[in-house]
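Just upload.txt here, compact mmCIF, C-alpha atoms:
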# COMPACT_ATOMS: atom_id res chain seq x y z
CA PRO X 25 2.39 -19.65 4.02
CA ILE X 26 2.74 -16.54 1.90
CA TYR X 27 4.77 -13.72 3.42
CA TYR X 28 4.38 -10.27 1.93
CA GLN X 29 7.87 -8.84 1.82
CA SER X 30 9.57 -6.17 -0.25
CA PHE X 31 8.39 -3.19 -2.25
CA TYR X 32 7.11 -3.10 -5.82
CA GLN X 33 6.13 -0.27 -8.12
CA HIS X 34 3.73 -1.23 -10.92
CA GLY X 35 1.76 0.54 -13.58
CA VAL X 36 -2.01 0.72 -13.31
CA ASP X 37 -3.90 0.26 -16.57
CA GLU X 38 -6.95 2.19 -17.81
CA LYS X 39 -9.27 -0.32 -16.12
CA ARG X 40 -7.49 0.26 -12.78
CA ARG X 41 -5.90 -3.19 -12.80
CA ILE X 42 -2.63 -3.75 -11.01
CA GLN X 43 -0.31 -6.74 -11.10
CA ILE X 44 0.22 -8.58 -7.82
CA PRO X 45 3.78 -9.97 -7.53
CA SER X 46 3.85 -13.69 -8.36
CA LYS X 47 5.34 -14.68 -5.01
CA TRP X 48 2.46 -12.90 -3.26
CA ARG X 49 -0.23 -14.83 -5.13
CA PRO X 50 -1.94 -17.80 -3.51
CA PRO X 51 -1.57 -21.11 -5.37
CA GLU X 52 -5.34 -21.62 -5.67
CA GLY X 53 -7.19 -19.58 -8.29
CA ASP X 54 -10.16 -17.24 -7.90
CA VAL X 55 -9.05 -15.91 -4.53
CA GLN X 56 -10.87 -12.88 -3.21
CA LEU X 57 -8.81 -10.29 -1.40
CA THR X 58 -10.33 -7.56 0.74
CA LEU X 59 -9.34 -3.94 0.13
CA ILE X 60 -9.88 -1.44 2.94
CA LEU X 61 -9.39 2.32 2.68
CA TRP X 62 -6.85 2.65 5.47
CA PRO X 63 -5.74 5.70 7.46
CA LYS X 64 -2.17 6.81 8.12
CA GLY X 65 -1.49 9.74 10.41
CA ALA X 66 -3.92 12.55 9.63
CA GLN X 67 -5.00 11.02 6.30
CA GLN X 68 -8.26 9.12 6.71
CA GLU X 69 -7.80 7.37 3.36
CA ALA X 70 -4.04 7.15 2.88
CA CYS X 71 -3.72 3.75 1.21
CA LEU X 72 -5.44 0.45 0.52
CA LEU X 73 -4.86 -2.29 3.06
CA VAL X 74 -5.09 -5.71 1.38
CA LEU X 75 -6.16 -8.71 3.47
CA THR X 76 -6.30 -12.40 2.64
CA PRO X 77 -9.62 -14.18 3.25
CA GLU X 78 -8.23 -15.65 6.49
CA LEU X 79 -7.10 -12.28 7.87
CA PHE X 80 -10.36 -10.62 6.92
CA SER X 81 -12.36 -13.40 8.59
CA SER X 82 -10.28 -12.96 11.73
CA MET X 83 -10.93 -9.20 11.71
CA VAL X 84 -14.67 -9.72 11.18
CA ALA X 85 -14.79 -12.22 14.07
CA LYS X 86 -13.18 -9.68 16.42
CA ILE X 87 -15.50 -6.91 15.33
CA THR X 88 -18.69 -8.98 15.48
CA ALA X 89 -17.76 -10.14 18.98
CA LEU X 90 -18.12 -6.53 20.17
CA PRO X 91 -21.48 -5.68 21.75
CA PHE X 92 -24.20 -4.29 19.51
CA SER X 93 -24.92 -1.64 22.14
CA ASP X 94 -21.38 -0.21 21.95
CA PRO X 95 -21.56 2.96 19.79
CA ASN X 96 -17.83 2.72 18.98
CA ALA X 97 -18.29 -0.83 17.74
CA GLU X 98 -21.24 0.21 15.60
CA ALA X 99 -19.24 3.11 14.14
CA LEU X 100 -16.37 0.72 13.38
CA ARG X 101 -18.69 -1.76 11.66
CA ARG X 102 -20.28 1.01 9.61
CA VAL X 103 -16.97 2.58 8.57
CA LEU X 104 -15.30 -0.71 7.67
CA GLY X 105 -18.42 -1.90 5.88
CA ARG X 106 -18.47 1.24 3.77
CA LYS X 107 -14.72 1.57 3.20
CA SER X 108 -14.02 -2.03 2.17
CA ASP X 109 -14.62 -4.18 -0.87
CA ARG X 110 -13.60 -7.58 -2.19
CA VAL X 111 -11.69 -8.09 -5.41
CA THR X 112 -10.81 -11.29 -7.23
CA LEU X 113 -7.35 -12.09 -8.46
CA ASP X 114 -7.67 -12.76 -12.21
CA LYS X 115 -5.79 -15.44 -14.18
CA GLY X 116 -3.13 -12.88 -15.06
CA GLY X 117 -2.42 -12.18 -11.38
CA ARG X 118 -4.11 -8.76 -11.35
CA ILE X 119 -6.78 -7.13 -9.25
CA CYS X 120 -9.07 -4.31 -10.32
CA ILE X 121 -9.17 -1.45 -7.84
CA PRO X 122 -12.72 -0.07 -7.50
CA GLU X 123 -12.95 3.46 -8.91
CA TYR X 124 -14.00 5.15 -5.66
CA MET X 125 -11.07 3.55 -3.83
CA ALA X 126 -8.54 4.52 -6.50
CA LYS X 127 -9.76 8.13 -6.35
CA ALA X 128 -9.74 8.21 -2.54
CA VAL X 129 -6.09 7.13 -2.28
CA GLY X 130 -4.87 8.97 -5.39
CA ILE X 131 -3.94 5.95 -7.50
CA GLU X 132 -3.90 6.70 -11.21
CA ASN X 133 -1.12 5.43 -13.51
CA GLU X 134 1.25 3.93 -10.96
CA ALA X 135 1.03 2.31 -7.56
CA VAL X 136 3.39 1.04 -4.91
CA LEU X 137 2.80 -2.31 -3.21
CA VAL X 138 4.43 -2.65 0.19
CA GLY X 139 4.71 -5.93 2.06
CA LEU X 140 3.70 -5.96 5.73
CA LEU X 141 4.62 -9.64 6.24
CA ASP X 142 1.07 -10.98 6.76
CA ARG X 143 -0.72 -8.45 4.51
CA PHE X 144 0.20 -5.66 2.12
CA GLU X 145 -0.69 -2.10 1.20
CA ILE X 146 -1.23 -0.33 -2.11
CA TRP X 147 -0.15 3.34 -2.23
CA ASN X 148 0.05 6.33 -4.49
CA PRO X 149 3.87 6.59 -4.96
CA GLN X 150 4.14 10.18 -3.65
CA ARG X 151 1.97 9.49 -0.60
CA TYR X 152 4.04 6.41 0.15
CA GLU X 153 7.33 8.33 0.07
CA ALA X 154 5.97 10.82 2.62
CA ALA X 155 4.66 8.02 4.86
CA PHE X 156 7.91 6.07 4.57
CA ALA X 157 9.94 9.06 5.72
CA ILE X 158 7.88 9.10 8.93
CA ASP X 159 8.17 5.31 9.28
CA GLN X 160 11.95 5.52 9.10
CA GLN X 161 12.00 7.98 12.00
CA ILE X 162 9.81 5.69 14.10
CA SER X 163 11.54 2.45 13.13
CA VAL X 164 14.60 2.95 15.36
CA GLU X 165 12.38 2.71 18.45
CA ALA X 166 10.03 0.14 16.92
CA ILE X 167 12.85 -2.33 16.26
CA LYS X 168 13.49 -2.50 20.00
CA ALA X 169 10.15 -4.29 20.37
CA ILE X 170 11.62 -7.38 18.69
Exercise: express the given structure as structure tokens:
Amino acid sequence: PIYYQSFYQHGVDEKRRIQIPSKWRPPEGDVQLTLILWPKGAQQEACLLVLTPELFSSMVAKITALPFSDPNAEALRRVLGRKSDRVTLDKGGRICIPEYMAKAVGIENEAVLVGLLDRFEIWNPQRYEAAFAIDQQISVEAIKAI
């Protein structure tokens, strides 16, 4: 299995392509990853959550199992449908961030990739530093869960 660990800062080219670390890339080619505009704290679109096909399928299965008559489930389907997109890893190990997503999370010339073990996030460097400061405060208590 691939585990997404560590922290990387990469440049973003004029076509909004960003390099995915080689140890994070699946061995098979033409893999589609799902990008979701993801909230953090009060920011509705703080970063991009990146899911493998397996994780995205698992998420979709959970969401589609919710009743159609549940207004919260319908809102969740609508929001995730609108705020997600699939991207393909190219032969150079890059993905192209859709323009509306890059604008929403403030990614321009540089981005930070942060491993979350089973998935990863892509951040604007300044937004990530602010979020990480909060994470560090919470982490002392969170570590007790393991």
message: I want to know what sits within 12 Å of Asp54 in chain X, based on all atoms listed in the file, with residues of the same chain fewer than 4 positions away left out; could you give that as an MDAnalysis selection string?
response: chainID X and resid 49:50 77 110:119
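The shortest atom-to-atom distance to Ile121 in chain X, with all atoms listed in the file taken into account, belongs to X:Ile146 out of X:Ala157, X:Ile146, X:Leu100, X:Val164.
Interatomic distance, CA of Gln160 in chain X against CA of Glu145 in chain X: 16.7 Å.
One distance worth recording is that between CA of Ala128 in chain X and CA of His34 in chain X, which is 18.5 Å.
Near Val136 in chain X, within 7 Å and counting only C-alpha atoms, sit Tyr32, Gln33, His34, Ile146, Trp147, Asn148 and Pro149 of chain X, not including residues fewer than 3 positions from it in the same chain.
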Next, the residues of the selection above should be written as an mmCIF file, keeping the file's coordinate frame with C-alpha atoms.
data_model
loop_
_atom_site.group_PDB
_atom_site.id
_atom_site.type_symbol
_atom_site.label_atom_id
_atom_site.label_comp_id
_atom_site.auth_asym_id
_atom_site.auth_seq_id
_atom_site.Cartn_x
_atom_site.Cartn_y
_atom_site.Cartn_z
ATOM 1 C CA TYR X 32 7.110 -3.100 -5.820
ATOM 2 C CA GLN X 33 6.130 -0.270 -8.120
ATOM 3 C CA HIS X 34 3.730 -1.230 -10.920
ATOM 4 C CA ILE X 146 -1.230 -0.330 -2.110
ATOM 5 C CA TRP X 147 -0.150 3.340 -2.230
ATOM 6 C CA ASN X 148 0.050 6.330 -4.490
ATOM 7 C CA PRO X 149 3.870 6.590 -4.960
#
Polymer residues at most 12 Å from Tyr124 in chain X, only C-alpha atoms, same-chain spacing of 2 or more positions, as a ChimeraX atom specification: /X:40,59-61,69,72,106-109,120-122,126-132
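Note that CA of Asn96 in chain X and CA of Leu75 in chain X are 22.5 Å apart.
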- prompt: Nearest to Asn133 in chain X among X:Ile42, X:Leu104, X:Leu57, X:Met83, with distances taken over only C-alpha atoms: which residue is it?
  reply: X:Ile42
statement: In terms of only C-alpha atoms, the residue from X:Glu153, X:Glu134, X:Glu78, X:Glu123 at minimal distance from Gln56 in chain X is X:Glu78
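Proximity ranking of X:Glu52, X:Asp37, X:Asp142, X:Asp94 relative to Val74 in chain X places X:Asp142 first, based on all atoms listed in the file.
Nearest residue to Ile87 in chain X, choosing from X:Lys47, X:Cys71, X:Ala66, X:Gly105 and counting only C-alpha atoms: X:Gly105.
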